[in-house]
Amino acid sequence: MAISASGTAYDLTGPEGAPVVALIHGLGLTRQSTWRALAPILAQRFRVLSYDLCGHGQSALPAEGSDLTVLSDQLIALIDELAIARAALIGFSLGGMINRRCAMDHPARVSSLVVLNSPHDRGEALQQQVEAAARDAGAGGPEATIDAALARWFTEPFRRDHPEVVAEIRRVVLANDPANYALHRRVLAEGVSELIRPRPPIRHPSLVMTSEYDSGSTPDMARTIASEIAGAQTVIVPGLKHLGLIEQPEQFTAPILEFLTLRAG
């Protein structure tokens, strides 16, 4: 683990000189809790950069507010410091919003996109509900919503059979600074609007994946994201919820590896 000049905690693994893949986690999680299974596999073929978002894990709290541009600029500052010309960006949930924003703002720095379990156009009524819930729950921090979240994130059999994994994710989420968590929950809620029918358009090779039973990043959302990026592929992983990437990482690893092997660079 290293800390950048701007306070971002990161790991850089895999063979030097290989194409770079940057991993961007979601709200309340960390680079280690999200990418523990995928990062070592990718690092056999790629130079893998994983990092903690502002105020998450071991990264410093943001100096001021936050939005998708701030979070995109965090990644650009990090790859600038590491002298990385461009990278394939794999983003989970909020991370899948950040990588799209980054592709729009810094297209020359992005070789390809993998968007995992990330929200998109919710429709006006649901969008208003999600934004209101993010505002109302902010004062309570992650503790106010953790039980309902875990039920949405993991299937019931997995929660029953792997309580240690669920307990670890609970611990990671509850370790968040409440104000920073609330701030980034609002980014997750509100930032979707700037990604719908993206302008400038995203033209990078893209793979969009989600889980069959992800209620917040639905298969229809994944298909819509892909429809708005020319040539994008869509994969719907059966039987899983939001944290399918942790519950059954192998279901995500094979499509991602195939995509990156053909296109990253």
# chains A, B, ... in the order shown; residues from 1 in each chain; ligands from 1
>>> closest_atom_pairs(of="segment 101-153 of chain A", to="segment 23-26 of chain A", cutoff="10 Å", atoms="only C-alpha atoms", output="CSV")
residue,atom,partner,partner_atom,distance
A:Val114,CA,A:Leu23,CA,9.5
A:Val115,CA,A:Ile24,CA,9.9
A:Leu116,CA,A:His25,CA,9.7
A:Asn117,CA,A:Gly26,CA,9.6
A:Ser118,CA,A:Gly26,CA,9.0
>>> residues_around(residues="Leu82 of chain A", least_positions_apart="3", cutoff="10 Å", atoms="only C-alpha atoms", output="PyMOL selection string")
chain A and resi 4+12+49+76-79+85
>>> closest_atom_pairs(of="segment 61-170 of chain A", to="segment 217-232 of chain A", cutoff="12 Å", atoms="only C-alpha atoms", output="tab-separated table")
residue	atom	partner	partner_atom	distance
A:Phe92	CA	A:Ser217	CA	10.3
A:Ser93	CA	A:Ser217	CA	7.6
A:Leu94	CA	A:Ser217	CA	10.3
A:Gly96	CA	A:Ile225	CA	10.4
A:Met97	CA	A:Ile225	CA	10.5
A:Arg100	CA	A:Ile225	CA	9.9
A:Ala103	CA	A:Ile229	CA	11.2
A:Met104	CA	A:Ile229	CA	11.3
A:Ser112	CA	A:Ala232	CA	10.2
A:Leu113	CA	A:Ala232	CA	9.2
A:Val114	CA	A:Ala232	CA	9.6
A:Val115	CA	A:Ala222	CA	8.4
A:Leu116	CA	A:Ala222	CA	8.5
A:Asn117	CA	A:Ser217	CA	5.2
A:Ser118	CA	A:Ser217	CA	5.1
A:Pro119	CA	A:Ser217	CA	4.4
A:His120	CA	A:Met221	CA	5.4
A:Asp121	CA	A:Met221	CA	6.7
A:Arg122	CA	A:Met221	CA	7.9
A:Gly123	CA	A:Met221	CA	10.6
A:Arg152	CA	A:Ser217	CA	10.9
A:Trp153	CA	A:Ser217	CA	10.8
>>> write_last_selection(atoms="N, CA and C atoms", output="short mmCIF file (atom, residue, chain, number, x, y, z; two decimals), in the first residue's frame")
data_model
loop_
_atom_site.label_atom_id
_atom_site.label_comp_id
_atom_site.auth_asym_id
_atom_site.auth_seq_id
_atom_site.Cartn_x
_atom_site.Cartn_y
_atom_site.Cartn_z
N PHE A 92 -17.25 -0.31 -10.09
CA PHE A 92 -18.38 -1.00 -9.48
C PHE A 92 -19.32 0.02 -8.84
N SER A 93 -20.60 -0.03 -9.19
CA SER A 93 -21.64 0.80 -8.58
C SER A 93 -21.30 2.29 -8.75
N LEU A 94 -21.04 3.02 -7.67
CA LEU A 94 -20.58 4.41 -7.80
C LEU A 94 -19.34 4.47 -8.68
N GLY A 96 -18.73 2.71 -11.24
CA GLY A 96 -19.17 2.65 -12.63
C GLY A 96 -19.76 3.95 -13.12
N MET A 97 -20.09 4.85 -12.21
CA MET A 97 -20.46 6.22 -12.58
C MET A 97 -19.21 7.06 -12.75
N ARG A 100 -17.42 6.33 -16.08
CA ARG A 100 -18.10 6.95 -17.21
C ARG A 100 -17.83 8.46 -17.26
N ALA A 103 -14.36 8.93 -18.57
CA ALA A 103 -14.28 8.72 -20.01
C ALA A 103 -14.81 9.93 -20.78
N MET A 104 -15.80 10.61 -20.22
CA MET A 104 -16.35 11.80 -20.86
C MET A 104 -15.40 12.99 -20.75
N SER A 112 -10.51 1.61 -22.19
CA SER A 112 -11.79 0.89 -22.27
C SER A 112 -12.47 0.98 -20.92
N LEU A 113 -13.75 0.59 -20.90
CA LEU A 113 -14.56 0.68 -19.68
C LEU A 113 -15.21 -0.67 -19.37
N VAL A 114 -15.23 -0.99 -18.08
CA VAL A 114 -16.08 -2.07 -17.58
C VAL A 114 -16.95 -1.46 -16.49
N VAL A 115 -18.25 -1.47 -16.71
CA VAL A 115 -19.22 -0.86 -15.80
C VAL A 115 -19.97 -1.99 -15.11
N LEU A 116 -19.79 -2.10 -13.78
CA LEU A 116 -20.35 -3.22 -13.02
C LEU A 116 -21.44 -2.73 -12.06
N ASN A 117 -22.64 -3.30 -12.17
CA ASN A 117 -23.71 -3.05 -11.18
C ASN A 117 -23.84 -1.58 -10.85
N SER A 118 -23.97 -0.79 -11.90
CA SER A 118 -23.99 0.67 -11.72
C SER A 118 -25.35 1.22 -12.12
N PRO A 119 -25.88 2.19 -11.38
CA PRO A 119 -27.21 2.72 -11.67
C PRO A 119 -27.21 3.62 -12.89
N HIS A 120 -28.42 3.81 -13.43
CA HIS A 120 -28.59 4.70 -14.58
C HIS A 120 -29.97 5.33 -14.48
N ASP A 121 -30.55 5.70 -15.58
CA ASP A 121 -31.82 6.42 -15.61
C ASP A 121 -32.88 5.69 -14.78
N ARG A 122 -33.33 6.33 -13.70
CA ARG A 122 -34.31 5.71 -12.81
C ARG A 122 -35.74 6.12 -13.14
N GLY A 123 -35.91 7.06 -14.05
CA GLY A 123 -37.22 7.65 -14.27
C GLY A 123 -37.45 8.75 -13.24
N ARG A 152 -30.22 -6.30 0.40
CA ARG A 152 -30.27 -6.00 -1.03
C ARG A 152 -29.00 -6.46 -1.76
N TRP A 153 -27.91 -6.55 -1.02
CA TRP A 153 -26.60 -6.80 -1.66
C TRP A 153 -26.29 -8.28 -1.84
#
>>> residues_around(residues="segment 53-61 of chain A", least_positions_apart="4", cutoff="10 Å", atoms="only C-alpha atoms", output="PyMOL selection string")
chain A and resi 1-4+6-10+24-33+65-66+70-72+74-75+94-95+172-173+175-177+179-181+184
>>> write_last_selection(atoms="N, CA and C atoms", output="JSON list (two decimals), in the first residue's frame")
[["chain", "number", "residue", "atom", "x", "y", "z"],
["A", 1, "MET", "N", 0.84, -1.20, 0.00],
["A", 1, "MET", "CA", 0.00, 0.00, 0.00],
["A", 1, "MET", "C", 0.88, 1.24, 0.00],
["A", 2, "ALA", "N", 0.47, 2.26, -0.75],
["A", 2, "ALA", "CA", 1.16, 3.54, -0.79],
["A", 2, "ALA", "C", 0.11, 4.65, -0.70],
["A", 3, "ILE", "N", 0.58, 5.85, -0.39],
["A", 3, "ILE", "CA", -0.29, 7.02, -0.31],
["A", 3, "ILE", "C", 0.23, 8.06, -1.28],
["A", 4, "SER", "N", -0.64, 8.56, -2.15],
["A", 4, "SER", "CA", -0.23, 9.55, -3.13],
["A", 4, "SER", "C", -0.04, 10.91, -2.46],
["A", 6, "SER", "N", -1.68, 13.50, -2.92],
["A", 6, "SER", "CA", -2.98, 14.09, -2.58],
["A", 6, "SER", "C", -3.75, 13.30, -1.53],
["A", 7, "GLY", "N", -3.13, 12.25, -0.98],
["A", 7, "GLY", "CA", -3.74, 11.51, 0.12],
["A", 7, "GLY", "C", -4.56, 10.31, -0.29],
["A", 8, "THR", "N", -4.40, 9.81, -1.52],
["A", 8, "THR", "CA", -5.12, 8.64, -1.99],
["A", 8, "THR", "C", -4.33, 7.37, -1.70],
["A", 9, "ALA", "N", -4.94, 6.43, -0.99],
["A", 9, "ALA", "CA", -4.31, 5.14, -0.71],
["A", 9, "ALA", "C", -4.49, 4.22, -1.92],
["A", 10, "TYR", "N", -3.41, 3.54, -2.32],
["A", 10, "TYR", "CA", -3.51, 2.71, -3.51],
["A", 10, "TYR", "C", -2.54, 1.54, -3.44],
["A", 24, "ILE", "N", -12.16, 0.78, -9.49],
["A", 24, "ILE", "CA", -12.83, 1.85, -8.76],
["A", 24, "ILE", "C", -14.01, 1.25, -7.99],
["A", 25, "HIS", "N", -13.94, 1.26, -6.68],
["A", 25, "HIS", "CA", -14.97, 0.60, -5.86],
["A", 25, "HIS", "C", -16.19, 1.49, -5.67],
["A", 26, "GLY", "N", -17.16, 1.01, -4.91],
["A", 26, "GLY", "CA", -18.41, 1.70, -4.72],
["A", 26, "GLY", "C", -18.55, 2.36, -3.36],
["A", 27, "LEU", "N", -19.70, 2.95, -3.14],
["A", 27, "LEU", "CA", -20.01, 3.68, -1.91],
["A", 27, "LEU", "C", -19.80, 2.83, -0.67],
["A", 28, "GLY", "N", -19.05, 3.37, 0.30],
["A", 28, "GLY", "CA", -18.90, 2.74, 1.60],
["A", 28, "GLY", "C", -17.93, 1.58, 1.64],
["A", 29, "LEU", "N", -17.44, 1.14, 0.50],
["A", 29, "LEU", "CA", -16.53, 0.00, 0.45],
["A", 29, "LEU", "C", -15.09, 0.48, 0.34],
["A", 30, "THR", "N", -14.18, -0.42, 0.09],
["A", 30, "THR", "CA", -12.76, -0.09, -0.05],
["A", 30, "THR", "C", -12.18, -0.90, -1.20],
["A", 31, "ARG", "N", -10.98, -0.55, -1.60],
["A", 31, "ARG", "CA", -10.32, -1.29, -2.68],
["A", 31, "ARG", "C", -10.13, -2.76, -2.29],
["A", 32, "GLN", "N", -9.79, -3.02, -1.05],
["A", 32, "GLN", "CA", -9.51, -4.39, -0.63],
["A", 32, "GLN", "C", -10.78, -5.22, -0.50],
["A", 33, "SER", "N", -11.82, -4.64, 0.07],
["A", 33, "SER", "CA", -13.06, -5.41, 0.27],
["A", 33, "SER", "C", -13.76, -5.72, -1.05],
["A", 65, "GLY", "N", -16.43, 19.70, -1.02],
["A", 65, "GLY", "CA", -17.51, 18.80, -1.36],
["A", 65, "GLY", "C", -17.04, 17.72, -2.33],
["A", 66, "SER", "N", -18.00, 16.94, -2.84],
["A", 66, "SER", "CA", -17.67, 15.90, -3.78],
["A", 66, "SER", "C", -18.77, 15.77, -4.82],
["A", 70, "VAL", "N", -15.20, 15.58, -9.15],
["A", 70, "VAL", "CA", -14.17, 15.51, -8.11],
["A", 70, "VAL", "C", -13.59, 14.09, -8.04],
["A", 71, "LEU", "N", -14.46, 13.10, -8.10],
["A", 71, "LEU", "CA", -14.00, 11.71, -7.99],
["A", 71, "LEU", "C", -13.27, 11.26, -9.26],
["A", 72, "SER", "N", -13.67, 11.75, -10.41],
["A", 72, "SER", "CA", -12.93, 11.49, -11.64],
["A", 72, "SER", "C", -11.56, 12.14, -11.58],
["A", 74, "GLN", "N", -9.86, 12.77, -8.96],
["A", 74, "GLN", "CA", -9.01, 12.03, -8.02],
["A", 74, "GLN", "C", -8.23, 10.94, -8.75],
["A", 75, "LEU", "N", -8.90, 10.21, -9.63],
["A", 75, "LEU", "CA", -8.23, 9.16, -10.38],
["A", 75, "LEU", "C", -7.21, 9.74, -11.35],
["A", 94, "LEU", "N", -21.04, 3.02, -7.67],
["A", 94, "LEU", "CA", -20.58, 4.41, -7.80],
["A", 94, "LEU", "C", -19.34, 4.47, -8.68],
["A", 95, "GLY", "N", -18.46, 3.47, -8.57],
["A", 95, "GLY", "CA", -17.28, 3.43, -9.42],
["A", 95, "GLY", "C", -17.60, 3.35, -10.90],
["A", 172, "VAL", "N", -16.75, -3.00, 7.25],
["A", 172, "VAL", "CA", -16.15, -2.02, 6.35],
["A", 172, "VAL", "C", -17.07, -0.82, 6.17],
["A", 173, "VAL", "N", -18.35, -1.08, 5.95],
["A", 173, "VAL", "CA", -19.28, 0.02, 5.73],
["A", 173, "VAL", "C", -19.44, 0.87, 6.98],
["A", 175, "ALA", "N", -17.37, 1.42, 9.25],
["A", 175, "ALA", "CA", -16.14, 2.15, 9.58],
["A", 175, "ALA", "C", -16.07, 3.50, 8.88],
["A", 176, "ASN", "N", -17.00, 3.77, 7.97],
["A", 176, "ASN", "CA", -16.97, 5.03, 7.23],
["A", 176, "ASN", "C", -17.27, 6.23, 8.11],
["A", 177, "ASP", "N", -16.63, 7.34, 7.81],
["A", 177, "ASP", "CA", -16.99, 8.62, 8.41],
["A", 177, "ASP", "C", -18.42, 8.95, 8.01],
["A", 179, "ALA", "N", -20.32, 11.64, 7.84],
["A", 179, "ALA", "CA", -20.56, 12.78, 6.96],
["A", 179, "ALA", "C", -20.05, 12.49, 5.55],
["A", 180, "ASN", "N", -18.91, 11.84, 5.44],
["A", 180, "ASN", "CA", -18.38, 11.51, 4.12],
["A", 180, "ASN", "C", -19.24, 10.48, 3.42],
["A", 181, "TYR", "N", -19.75, 9.52, 4.19],
["A", 181, "TYR", "CA", -20.65, 8.52, 3.62],
["A", 181, "TYR", "C", -21.91, 9.19, 3.08],
["A", 184, "HIS", "N", -21.23, 11.07, -0.20],
["A", 184, "HIS", "CA", -21.07, 10.24, -1.38],
["A", 184, "HIS", "C", -22.34, 9.43, -1.70]]
>>> closest_residue(among="A:His106, A:Leu240, A:Ile169, A:Gly216", to="Thr34 of chain A", atoms="only C-alpha atoms")
A:Ile169
>>> atom_distance(atom1="atom CA of Lys241 of chain A", atom2="atom CA of Glu194 of chain A")
25.1 Å
>>> atom_distance(atom1="atom CA of Leu68 of chain A", atom2="atom CA of Leu183 of chain A")
11.5 Å
>>> select_by_dssp(residues="segment 87-247 of chain A", states="alpha helix (DSSP H)", output="PyMOL selection string")
chain A and resi 94-105+124-137+146-153+156-161+163-174+178-190+219-227+244-247
>>> closest_residue(among="A:Glu164, A:Trp35, A:Val48, A:Val208", to="Ala18 of chain A", atoms="only C-alpha atoms")
A:Val48
>>> select_by_dssp(residues="segment 110-162 of chain A", states="strand (DSSP E or B)", output="number ranges by chain")
A: 110-116
>>> write_last_selection(atoms="N, CA, C and O atoms", output="compact mmCIF listing (two decimals), in the first residue's frame")
# COMPACT_ATOMS: atom_id res chain seq x y z
N VAL A 110 -8.34 7.03 -21.15
CA VAL A 110 -9.11 5.80 -20.93
C VAL A 110 -9.00 4.92 -22.16
O VAL A 110 -9.26 5.37 -23.28
N SER A 111 -8.62 3.66 -21.95
CA SER A 111 -8.54 2.72 -23.08
C SER A 111 -9.84 1.95 -23.27
O SER A 111 -10.24 1.67 -24.41
N SER A 112 -10.51 1.61 -22.19
CA SER A 112 -11.79 0.89 -22.27
C SER A 112 -12.47 0.98 -20.92
O SER A 112 -11.87 1.39 -19.92
N LEU A 113 -13.75 0.59 -20.90
CA LEU A 113 -14.56 0.68 -19.68
C LEU A 113 -15.21 -0.67 -19.37
O LEU A 113 -15.69 -1.35 -20.27
N VAL A 114 -15.23 -0.99 -18.08
CA VAL A 114 -16.08 -2.07 -17.58
C VAL A 114 -16.95 -1.46 -16.49
O VAL A 114 -16.44 -0.96 -15.48
N VAL A 115 -18.25 -1.47 -16.71
CA VAL A 115 -19.22 -0.86 -15.80
C VAL A 115 -19.97 -1.99 -15.11
O VAL A 115 -20.70 -2.75 -15.74
N LEU A 116 -19.79 -2.10 -13.78
CA LEU A 116 -20.35 -3.22 -13.02
C LEU A 116 -21.44 -2.73 -12.06
O LEU A 116 -21.19 -1.86 -11.22
>>> atom_distance(atom1="atom CA of Arg160 of chain A", atom2="atom CA of Pro40 of chain A")
27.0 Å
>>> closest_residue(among="A:Val237, A:Ala5, A:Ala108, A:Val21", to="Pro249 of chain A", atoms="only C-alpha atoms")
A:Val237
>>> closest_residue(among="A:Ala132, A:Ile256, A:Ala144, A:Leu243", to="Val165 of chain A", atoms="only C-alpha atoms")
A:Leu243
